[in-house]
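Participant: Structure file input_29.txt (compact mmCIF, C-alpha atoms and all ligand atoms) right here:
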```
# COMPACT_ATOMS: atom_id res chain seq x y z
CA MET J 1 112.67 75.12 113.27
CA GLN J 2 109.86 74.68 110.75
CA HIS J 3 111.07 74.61 107.13
CA ARG J 4 109.96 77.70 105.31
CA ARG J 5 110.14 78.59 101.69
CA THR J 6 113.33 80.52 101.04
CA PHE J 7 113.59 83.90 99.37
CA LEU J 8 115.23 82.37 96.29
CA GLU J 9 112.48 79.72 96.04
CA HIS J 10 109.89 82.50 96.25
CA VAL J 11 111.60 84.39 93.42
CA ALA J 12 111.73 81.21 91.34
CA GLN J 13 108.00 80.72 91.84
CA TYR J 14 106.78 84.26 91.19
CA ALA J 15 109.22 85.89 88.74
CA ALA J 16 108.16 86.08 85.11
CA PRO J 17 109.75 83.19 83.15
CA GLU J 18 112.03 85.49 81.13
CA ASP J 19 113.34 87.14 84.32
CA ARG J 20 113.69 84.00 86.42
CA PRO J 21 117.28 82.92 85.66
CA HIS J 22 118.61 86.49 85.73
CA LEU J 23 116.88 87.41 88.97
CA ASP J 24 118.07 84.17 90.52
CA CYS J 25 121.65 85.07 89.61
CA LEU J 26 121.28 88.66 90.91
CA PHE J 27 119.56 87.66 94.15
CA GLN J 28 122.07 84.89 94.87
CA GLY J 29 124.63 87.69 94.86
CA LEU J 30 122.44 89.80 97.13
CA VAL J 31 122.03 86.99 99.68
CA ARG J 32 125.82 86.48 99.76
CA ALA J 33 126.35 90.22 100.17
CA VAL J 34 123.88 90.40 103.05
CA GLY J 35 125.74 87.58 104.81
CA GLU J 36 128.98 89.57 104.55
CA ILE J 37 127.33 92.79 105.74
CA VAL J 38 125.54 91.10 108.67
CA TYR J 39 128.82 89.58 109.84
CA ARG J 40 130.43 93.02 110.03
CA MET J 41 127.34 94.82 111.31
CA ALA J 42 127.13 92.51 114.31
CA ARG J 43 130.79 93.19 115.17
CA VAL J 44 131.12 96.92 114.47
CA GLY J 45 132.79 97.70 117.80
CA LEU J 46 135.12 94.69 117.60
CA LEU J 47 136.32 95.23 114.04
CA ASN J 48 136.82 99.01 114.51
CA LEU J 49 134.11 99.72 111.97
CA ASP J 50 132.47 102.51 113.96
CA GLY J 51 133.01 106.15 113.09
CA ARG J 52 133.46 108.21 109.99
CA ALA J 53 135.49 107.32 106.94
CA GLY J 54 136.11 111.03 106.24
CA GLY J 55 134.65 112.91 103.30
CA VAL J 56 131.14 113.33 101.96
CA ASN J 57 129.23 111.43 99.27
CA ALA J 58 127.44 112.57 96.10
CA SER J 59 124.57 113.89 98.24
CA GLY J 60 126.83 115.79 100.64
CA ASP J 61 126.37 113.43 103.63
CA ASP J 62 129.18 112.40 105.97
CA VAL J 63 130.38 108.95 104.95
CA LYS J 64 130.77 106.26 107.60
CA LYS J 65 133.17 103.35 107.25
CA LEU J 66 130.30 100.90 106.97
CA ASP J 67 128.67 102.94 104.17
CA LEU J 68 131.73 102.22 102.06
CA ILE J 69 132.13 98.62 103.18
CA ALA J 70 128.49 97.80 102.44
CA ASN J 71 128.81 99.56 99.09
CA ASP J 72 131.92 97.55 98.13
CA ILE J 73 130.34 94.26 99.21
CA LEU J 74 127.16 94.88 97.21
CA ILE J 75 129.08 95.99 94.13
CA ASP J 76 131.30 92.89 94.35
CA HIS J 77 128.53 90.34 94.83
CA VAL J 78 125.60 91.86 92.92
CA GLY J 79 127.51 94.02 90.45
CA GLY J 80 129.71 90.96 89.89
CA SER J 81 126.78 88.87 88.68
CA ALA J 82 126.21 88.37 84.97
CA ALA J 83 122.69 89.82 85.31
CA VAL J 84 123.75 93.39 86.12
CA ALA J 85 125.17 95.80 83.53
CA TYR J 86 125.52 98.88 85.77
CA VAL J 87 125.23 99.70 89.46
CA GLY J 88 124.03 103.14 90.58
CA SER J 89 124.82 103.86 94.21
CA GLU J 90 124.33 106.65 96.72
CA GLU J 91 128.06 106.39 97.39
CA ASN J 92 129.22 106.77 93.78
CA GLU J 93 128.79 109.94 91.77
CA GLU J 94 128.73 108.03 88.45
CA PRO J 95 127.21 104.67 87.47
CA ILE J 96 129.61 101.74 87.72
CA ALA J 97 129.97 99.51 84.64
CA CYS J 98 129.99 95.85 85.72
CA PRO J 99 132.73 93.69 84.17
CA GLU J 100 130.66 90.47 84.01
CA GLY J 101 127.38 92.12 83.10
CA GLY J 102 128.03 93.74 79.74
CA GLU J 103 125.12 91.75 78.29
CA GLY J 104 123.15 91.71 81.54
CA PRO J 105 119.47 92.69 81.37
CA TYR J 106 119.35 94.92 84.48
CA VAL J 107 120.72 97.98 86.20
CA PHE J 108 120.84 97.81 89.99
CA LEU J 109 120.32 100.83 92.26
CA ILE J 110 121.37 100.89 95.91
CA ASP J 111 121.38 102.90 99.06
CA PRO J 112 123.98 100.50 100.51
CA LEU J 113 123.47 101.64 104.08
CA ASP J 114 120.46 103.70 105.04
CA GLY J 115 120.38 105.34 108.47
CA SER J 116 124.14 105.13 108.83
CA SER J 117 124.21 107.99 111.37
CA ASN J 118 122.62 105.41 113.72
CA ILE J 119 125.35 102.77 113.34
CA ASP J 120 127.42 103.76 116.32
CA ALA J 121 124.32 103.61 118.55
CA ASN J 122 123.53 100.04 117.46
CA VAL J 123 120.16 101.10 116.03
CA GLY J 124 118.54 99.28 113.08
CA VAL J 125 119.82 100.30 109.65
CA GLY J 126 119.10 99.07 106.15
CA THR J 127 120.04 98.48 102.53
CA ILE J 128 117.58 99.62 99.85
CA PHE J 129 117.61 98.34 96.25
CA SER J 130 115.78 98.80 92.97
CA ILE J 131 116.08 96.83 89.73
CA LEU J 132 115.37 98.30 86.28
CA ARG J 133 115.84 96.89 82.79
CA VAL J 134 118.65 98.32 80.67
CA LYS J 135 117.36 100.68 78.00
CA GLN J 136 117.81 99.58 74.41
CA ASN J 137 118.99 102.95 73.10
CA ALA J 138 120.50 104.62 76.14
CA ALA J 139 122.31 107.88 75.44
CA SER J 140 124.74 107.32 78.32
CA ALA J 141 125.31 105.01 81.28
CA GLN J 142 123.22 107.33 83.48
CA ASP J 143 120.37 107.25 80.97
CA HIS J 144 119.67 103.58 81.83
CA PHE J 145 118.66 104.69 85.31
CA LEU J 146 116.38 107.56 84.31
CA GLN J 147 113.14 105.60 84.27
CA LYS J 148 109.96 106.09 86.24
CA GLY J 149 109.41 103.93 89.31
CA THR J 150 106.54 102.18 87.52
CA GLU J 151 109.23 100.49 85.37
CA GLN J 152 110.90 98.70 88.31
CA VAL J 153 111.26 94.93 87.85
CA ALA J 154 111.71 94.48 91.61
CA SER J 155 112.61 96.48 94.69
CA GLY J 156 113.24 95.83 98.33
CA TYR J 157 115.16 96.51 101.48
CA VAL J 158 117.17 94.59 104.02
CA LEU J 159 116.64 95.70 107.62
CA TYR J 160 119.52 94.88 109.97
CA GLY J 161 117.76 94.94 113.34
CA PRO J 162 117.40 92.40 116.14
CA GLY J 163 116.76 90.08 113.21
CA THR J 164 117.81 90.63 109.59
CA LEU J 165 114.77 90.94 107.34
CA LEU J 166 114.49 91.17 103.58
CA VAL J 167 111.27 92.70 102.25
CA TYR J 168 110.78 92.70 98.49
CA THR J 169 108.30 92.95 95.67
CA LEU J 170 108.18 91.79 92.07
CA GLY J 171 104.94 93.72 91.56
CA ASN J 172 102.67 90.99 92.88
CA GLY J 173 102.53 91.78 96.59
CA THR J 174 105.09 92.55 99.27
CA ASN J 175 106.73 89.69 101.15
CA GLY J 176 109.22 89.50 104.01
CA PHE J 177 111.91 86.94 104.84
CA THR J 178 114.12 86.46 107.91
CA TYR J 179 117.82 85.67 107.61
CA ASP J 180 119.17 82.54 109.26
CA GLU J 181 122.95 82.80 109.65
CA THR J 182 123.30 79.04 110.12
CA THR J 183 121.95 78.27 106.64
CA ARG J 184 122.84 81.64 105.08
CA SER J 185 119.37 81.84 103.61
CA PHE J 186 116.18 83.84 104.11
CA GLY J 187 113.00 82.00 105.24
CA HIS J 188 109.52 83.31 104.44
CA SER J 189 108.28 84.96 107.64
CA HIS J 190 106.01 87.84 106.51
CA GLU J 191 103.57 86.62 103.90
CA ASP J 192 101.76 89.17 101.74
CA ILE J 193 102.27 92.22 103.97
CA ARG J 194 99.16 94.45 104.04
CA THR J 195 99.34 97.99 105.40
CA PRO J 196 96.21 99.14 107.27
CA ASP J 197 94.47 101.90 105.29
CA ARG J 198 94.92 104.29 108.20
CA GLY J 199 97.12 104.29 111.26
CA ASP J 200 97.78 106.02 114.55
CA ILE J 201 101.49 106.77 114.15
CA TYR J 202 103.11 109.77 112.49
CA SER J 203 106.82 109.86 111.77
CA ILE J 204 108.61 113.11 110.91
CA ASN J 205 111.69 114.94 112.19
CA GLU J 206 110.01 117.57 114.40
CA GLY J 207 113.38 119.22 115.02
CA TYR J 208 112.90 120.85 111.61
CA SER J 209 109.53 122.41 112.51
CA TYR J 210 111.18 125.88 112.49
CA ARG J 211 111.65 125.53 108.72
CA TRP J 212 108.52 123.58 107.75
CA ILE J 213 106.34 125.00 105.03
CA PRO J 214 102.95 126.10 106.48
CA GLU J 215 101.10 123.17 104.84
CA VAL J 216 103.26 120.66 106.74
CA ALA J 217 102.86 122.53 110.03
CA ARG J 218 99.08 122.60 109.61
CA TYR J 219 98.97 118.89 108.79
CA VAL J 220 101.11 117.87 111.77
CA ASN J 221 99.04 120.04 114.12
CA HIS J 222 95.94 118.35 112.76
CA VAL J 223 97.12 114.75 113.17
CA LYS J 224 98.37 115.36 116.70
CA VAL J 225 94.87 115.92 118.03
CA PRO J 226 92.85 112.74 118.65
CA ARG J 227 89.51 112.82 116.81
CA ASP J 228 86.40 110.72 116.31
CA GLY J 229 87.06 108.59 119.38
CA ARG J 230 90.21 107.18 117.76
CA THR J 231 93.37 106.12 119.58
CA PRO J 232 95.52 109.18 120.37
CA PRO J 233 98.36 109.41 117.84
CA SER J 234 101.93 108.45 118.67
CA ALA J 235 105.08 110.02 117.27
CA ARG J 236 107.85 107.64 116.22
CA TYR J 237 111.00 108.75 114.37
CA ILE J 238 114.01 106.49 114.38
CA GLY J 239 115.98 108.44 111.77
CA SER J 240 116.63 105.20 109.89
CA MET J 241 114.10 105.29 107.12
CA VAL J 242 114.14 101.56 106.46
CA SER J 243 113.16 100.97 110.11
CA ASP J 244 110.59 103.77 110.09
CA VAL J 245 109.06 102.58 106.81
CA HIS J 246 109.09 98.93 107.86
CA ARG J 247 107.10 99.80 110.99
CA THR J 248 104.75 101.90 108.87
CA LEU J 249 104.13 99.06 106.40
CA LEU J 250 103.31 96.66 109.23
CA TYR J 251 101.41 98.87 111.69
CA GLY J 252 100.10 101.62 109.41
CA GLY J 253 100.48 105.37 109.82
CA ILE J 254 102.57 107.86 107.89
CA PHE J 255 106.25 108.67 107.38
CA LEU J 256 107.07 112.13 106.07
CA TYR J 257 110.29 113.67 104.81
CA PRO J 258 108.82 116.72 103.06
CA GLU J 259 110.42 119.68 101.31
CA ASP J 260 111.02 122.63 103.64
CA GLN J 261 112.08 126.27 103.55
CA GLU J 262 115.77 125.33 103.21
CA ASN J 263 115.49 122.27 100.93
CA GLU J 264 112.90 122.62 98.23
CA ARG J 265 113.27 118.95 97.19
CA GLY J 266 113.68 117.55 100.72
CA LYS J 267 116.61 115.23 101.42
CA LEU J 268 115.80 111.74 100.24
CA ARG J 269 116.81 110.40 96.85
CA LEU J 270 114.21 109.38 94.26
CA LEU J 271 115.94 106.48 92.52
CA TYR J 272 117.35 104.45 95.40
CA GLU J 273 115.17 105.56 98.32
CA GLY J 274 111.80 106.92 97.12
CA ASN J 275 111.04 104.60 94.20
CA PRO J 276 111.90 101.24 95.80
CA LEU J 277 110.02 102.08 99.01
CA ALA J 278 107.05 103.47 97.06
CA PHE J 279 106.81 100.24 95.03
CA LEU J 280 106.82 98.16 98.25
CA ALA J 281 104.24 100.41 99.91
CA GLU J 282 101.84 100.31 96.97
CA GLN J 283 102.21 96.54 96.68
CA ALA J 284 101.23 96.33 100.37
CA GLY J 285 98.10 98.42 99.71
CA GLY J 286 99.65 101.68 100.93
CA ALA J 287 100.64 104.82 99.04
CA ALA J 288 103.62 107.10 98.41
CA THR J 289 103.61 110.66 97.06
CA ASP J 290 105.69 113.82 97.12
CA GLY J 291 102.57 115.53 98.49
CA ARG J 292 101.11 116.14 95.06
CA ARG J 293 102.30 113.42 92.70
CA ARG J 294 102.56 109.66 92.96
CA ILE J 295 106.26 108.91 93.49
CA LEU J 296 106.25 106.11 90.90
CA ASP J 297 105.03 108.49 88.17
CA ILE J 298 107.89 111.00 88.50
CA GLN J 299 110.22 111.11 85.49
CA PRO J 300 113.78 111.28 86.92
CA LYS J 301 116.29 113.68 85.41
CA GLU J 302 119.43 112.61 87.22
CA LEU J 303 120.82 109.70 89.20
CA HIS J 304 121.02 111.42 92.58
CA GLU J 305 117.96 113.67 92.43
CA ARG J 306 116.01 114.31 95.61
CA VAL J 307 112.31 114.01 96.27
CA PRO J 308 109.94 114.85 99.13
CA LEU J 309 108.63 111.50 100.39
CA ILE J 310 105.30 110.88 102.11
CA ILE J 311 104.60 107.18 102.53
CA GLY J 312 102.32 104.85 104.44
CA SER J 313 98.63 104.13 104.93
CA SER J 314 96.64 105.13 101.84
CA ARG J 315 94.08 107.30 103.66
CA ASP J 316 96.74 109.05 105.74
CA VAL J 317 98.85 109.84 102.65
CA ALA J 318 95.73 111.08 100.83
CA MET J 319 94.87 113.35 103.76
CA TYR J 320 98.37 114.84 103.74
CA GLY J 321 97.83 115.54 100.02
CA GLU J 322 94.71 117.57 100.84
CA PHE J 323 96.71 119.72 103.28
CA ARG J 324 99.62 120.04 100.83
CA GLU J 325 97.28 121.20 98.08
CA GLY J 326 95.79 123.79 100.45
CA LYS J 327 92.35 122.13 100.38
CA ARG J 328 92.21 121.88 104.18
P1 LIG F 401 121.40 107.75 104.56
O1 LIG F 401 121.93 107.16 105.84
O2 LIG F 401 121.33 106.74 103.44
O3 LIG F 401 122.07 109.02 104.15
O4 LIG F 401 119.87 108.11 104.75
C1 LIG F 401 119.47 108.73 105.94
C2 LIG F 401 118.07 109.19 105.77
C3 LIG F 401 117.02 108.26 106.30
O5 LIG F 401 117.44 107.03 106.70
C4 LIG F 401 116.43 108.95 107.48
O6 LIG F 401 115.06 108.81 107.53
C5 LIG F 401 116.82 110.37 107.27
O7 LIG F 401 117.97 110.37 106.49
C6 LIG F 401 117.08 111.06 108.55
O8 LIG F 401 117.42 112.37 108.26
P2 LIG F 401 117.29 113.54 109.32
O9 LIG F 401 118.34 113.31 110.34
O10 LIG F 401 117.50 114.78 108.47
O11 LIG F 401 115.88 113.47 109.89
MN MN F 402 119.31 106.56 102.89
MN MN F 403 122.98 105.54 102.71
```
Output the file's structure as structure tokens, nothing else.
Ligand code: AHG
Ligand code: MN
Ligand code: MN
Facilitator:
Amino acid sequence: MQHRRTFLEHVAQYAAPEDRPHLDCLFQGLVRAVGEIVYRMARVGLLNLDGRAGGVNASGDDVKKLDLIANDILIDHVGGSAAVAYVGSEENEEPIACPEGGEGPYVFLIDPLDGSSNIDANVGVGTIFSILRVKQNAASAQDHFLQKGTEQVASGYVLYGPGTLLVYTLGNGTNGFTYDETTRSFGHSHEDIRTPDRGDIYSINEGYSYRWIPEVARYVNHVKVPRDGRTPPSARYIGSMVSDVHRTLLYGGIFLYPEDQENERGKLRLLYEGNPLAFLAEQAGGAATDGRRRILDIQPKELHERVPLIIGSSRDVAMYGEFREGKR
């Protein structure tokens, strides 16, 4: 196999000098954690890791065994690095203070396992992460996390599919790497990902159409009809957002998880789902909004807050905004 630049070499080349040693330390932990997760993910049925763990998490979702295992592994390996002062996780109500990272420059946010309802069906799932700097005068542990997405130092996701991919950004483009279990490293496979400015795929859970707000219904009815001699649209909804968003970044199109008549803030979480994916999308030339506001400009008020998320090709996201604002 051709030698490719590794993820850690890429970080060393592109991180700002003051961040370089700290990010290297954090990401070494992340690469180790991914190795541990991949090992278990590939053997779910053999290690009795399928099924529910019992209980619900801070967002009220059923917790699967692998949600907790992935969470523990990431907290051990990344939260255990000297670069991280606190970890904020979907699976933990409160921020976790990291024993080695009291002086660490960052807080680390994770959705340890995204799409976990798909695990038992052997469908692609992911880990999403976001890195922020600690605040100098934080009023509480949670306060460190309450920063706009524009403040992210880095964000990314790992997609556990037929191959394991890591897609990340430091704010200078979006790049993808493929995991090689034999060397336990990621090789550069997707250089400078660029999302087409419009696409032919829409991705939304149509099972909720009975409770859509009228603006969403009108938009979906509009995009379903082929126009201007363009390719007829296709619907794709995996129900694993990392997989759905990864496809959207590469092929173009739009992924929507909007607010509806039962959930006025939608379902997805701003700090460890919306912000990291929005940063990646923008760095690939795409866009991400809640229908009206840029995701990265939203001032968070709490660790687990929800946000409607519309993400993908810039022109498609802009067109949704026109429908959402009632202009069309
Ligand atoms: P998580 O597994 O971290 O709770 O996130 C699941 C999310 C996301 O991956 C997916 O797009 C969405 O939930 C699917 O939700 P619906 O089944 O409500 O469409
Ligand atoms: Mn998720
Ligand atoms: Mn999750």
Participant: Using all atoms listed in the file, which residue out of J:Asp111, J:Glu181, J:Glu91, J:Glu18 lies closest to Val125 (chain J)?
Facilitator: J:Asp111
Participant: Choose the residue, out of J:Tyr157, J:Phe177, J:Phe323, J:Phe145, that has the smallest atom-to-atom separation from Pro214 (chain J); count all atoms listed in the file.
Facilitator: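 Once distances to Pro214 (chain J) are computed over all atoms listed in the file, the minimum belongs to J:Phe323.
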Participant: CA of Val84 (chain J) and CA of Glu103 (chain J) are how many Å apart?
Facilitator: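 These two atoms are separated by 8.1 Å.
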Participant: Write out as a ChimeraX atom specification which residues come within 6 Å of region 236-249 of chain J when counting all atoms listed in the file, dropping same-chain ones fewer than 3 positions away.
Facilitator: /J:115,125-126,195,203,252-253,312
Participant: Between CA of Asp61 (chain J) and atom O3 of ligand LIG 401 (chain F), what distance in Å does the model show, to one decimal?
Facilitator: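 The value is 6.2 Å.
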Participant: For Leu113 (chain J), please output as a PyMOL selection string all residues within 9 Å (counting all atoms listed in the file; exclusion window: fewer than 2 positions along the same chain).
Facilitator: chain J and resi 66-68+70-71+90+110-111+115-116+125-128
Participant: For CA of Tyr202 (chain J) and CA of Leu277 (chain J), quote the distance in Å rounded to one decimal.
Facilitator: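 The value is 17.0 Å.
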